[in-house]
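Student: One structure follows; several queries about it will come next.
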Amino acid sequence: MGKYCFGIDVGGTSVKCGLFQTDGVLVEKWEIPTRKENSGEAILPDIAKTILDKIAERKLDKEEIDGVGIGVPGPVNERGEVPCAVNLFWGFKEVTKELTELTGLPSKAGNDANVAALGAAAGAKNVILVTLGTGVGGGIIVDGKIVGGAHGAGGEIGHAAVDHEEKEACNCGNCGCLEQYASATGIVRVAQRTLAATDEQTVLRKFTKLSAKNVLDAFKEGDKVACDVMAQVGEMLGGTLAMFACVTDPEAIVIGGGVSKAGQPLIDCIQKYYEKYAFTACKKTPIILATLGNDAGIYGSARMVIKEV
């Protein structure tokens with residue numbers, strides 16, 4: 001068993017990198033840009049280079065390193081293959097095979113949200129993580145293991161169909177996905193629909209380009225229309241989480257992503273509707289804010305390797 005491992009979290013604009021001790025302690029973290037040109041062909045070579053550069057900089061021996069864990073924004077199967085990662089412009093990619101060939105180190109890959117859930121779990125064995133950002137990501141941990149599923153699509157909470165009457169399509173091609181209501185873009189969409197349907201006075205009308213932050217700030221100030229918008233969002237999200245809790249019975253539900261910066265008022269809104277719809281045994285499951293923030297991905301990626309040791 002070595003002393004170190006790497007945790008890598010590949011995002012659409014930057015790749016977050018972490019060097020960890022195998023007891024889970026973060027030694028150093030840094031970022032490199034995600035170069036997506038030419039179908040993202042430079043992404044894995046860039047990651048390999050920064051890993052090898054860090055090994056050289058710290059005068060480490062490869063024998064001291066147990067491997068590299070990597071989270072990518074797309075479905076990942078058990079062989080570490082990605083059928084496609086739209087935001088990286090990847091088609092089929094043998095992620096672990098390529099990364100191991102480039103670095104000479106064992107590697108393990110997972111979906112970024114699932115990997116972040118592993119990081120956010122912080123010792124808990126059963127957790128649901130929801131990341132509310134531009135989209136809605138999800139990761140599910142059961143008995144300390146990521147639920148990846150047959151196609152690497154386990155935990156895709158954002159693409160649960162929550163409104164069967166919806167006519168507009170989600171980015172995935174289906175209609176009525178949770179992501180269309182509970183993401184940052186979804187909150188704006190719900191707000192615009194609500195504004196179009198009411199003549200009520202609201203601070204939301206003063207914004208020429210409405211953002212989720214505008215809606216959430218107005219919600220926290222008690223603006224009636226903003227509160228109505230967040231009640232709709234909270235009911236969609238709380239009700240969906242109640243369904244997932246029926247399947248996995250988590251110790252906690254963790255809310256992360258940019259929208260979670262709205263803090264406790266957002267959590268209270270979700271919890272209210274979660275408790276309304278949850279199965280009796282799961283009603284008191286706490287819904288909490290993610291504490292690792294943007295570092296959850298590198299911690300979870302490292303944990304994939306540490307758990308293998």
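The chains in the structure tokens are called A, B, ... from first to last as shown; in each chain the residues are counted from 1, and the ligands are counted from 1 in the order shown.
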Fewer than 2 positions away in the same chain doesn't count, so skip those; otherwise give me all residues within 7 Å of range 175-191 of chain A, counting only C-alpha atoms, as a list in words.

Tutor: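 Here the answer would be Leu132, Gly133, Thr134, Gly135, Val136, Gly158, His159, Ala160, Ala161, Val162, Asp163, His164, Glu166, Lys167, Glu168, Ala169, Cys170, Gly173, Arg193, Thr194, Leu195, Leu210, Ser211, Ala212, Val229, Val233, Met236, Leu237 and Val259 of chain A.
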
Student: Run DSSP on the backbone and tell me which residues of range 27-220 of chain A come out as helix (DSSP H, G or I); list them as a PyMOL selection string.

Tutor: chain A and resi 37-40+43-57+62-64+86-88+95-103+112-121+157-159+179-182+184-197+203-206+212-220

Student: Find, counting only C-alpha atoms, the residue in A:Asp223, A:Asp46, A:Asp23, A:Glu156 that gets nearest to Phe244 in chain A.

Tutor: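 Checking each candidate against Phe244 in chain A, we get A:Glu156 as the closest.
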
Student: Do a neighbour search on Ala121 in chain A at 10 Å with only C-alpha atoms, toss out local chain neighbours closer than 2 positions, and write the hits as a list of chain:residue names.

Tutor: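 Once the adjacent positions are removed, what remains is A:Val115, A:Ala116, A:Ala117, A:Leu118, A:Gly119, A:Gly123, A:Ala124, A:Lys125, A:Asn126, A:Val127, A:Ile128, A:Leu129, A:Ile140, A:Ile141, A:Gly144, A:Glu251, A:Ala252, A:Ile253, A:Val254, A:Ala290, A:Leu292, A:Ala296, A:Gly300.
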
Student: Rounded to one decimal in Å, what is the spacing between CA of Asn214 in chain A and CA of Leu88 in chain A?

Tutor: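 Value for the CA of Asn214 in chain A-CA of Leu88 in chain A distance: 29.2 Å.
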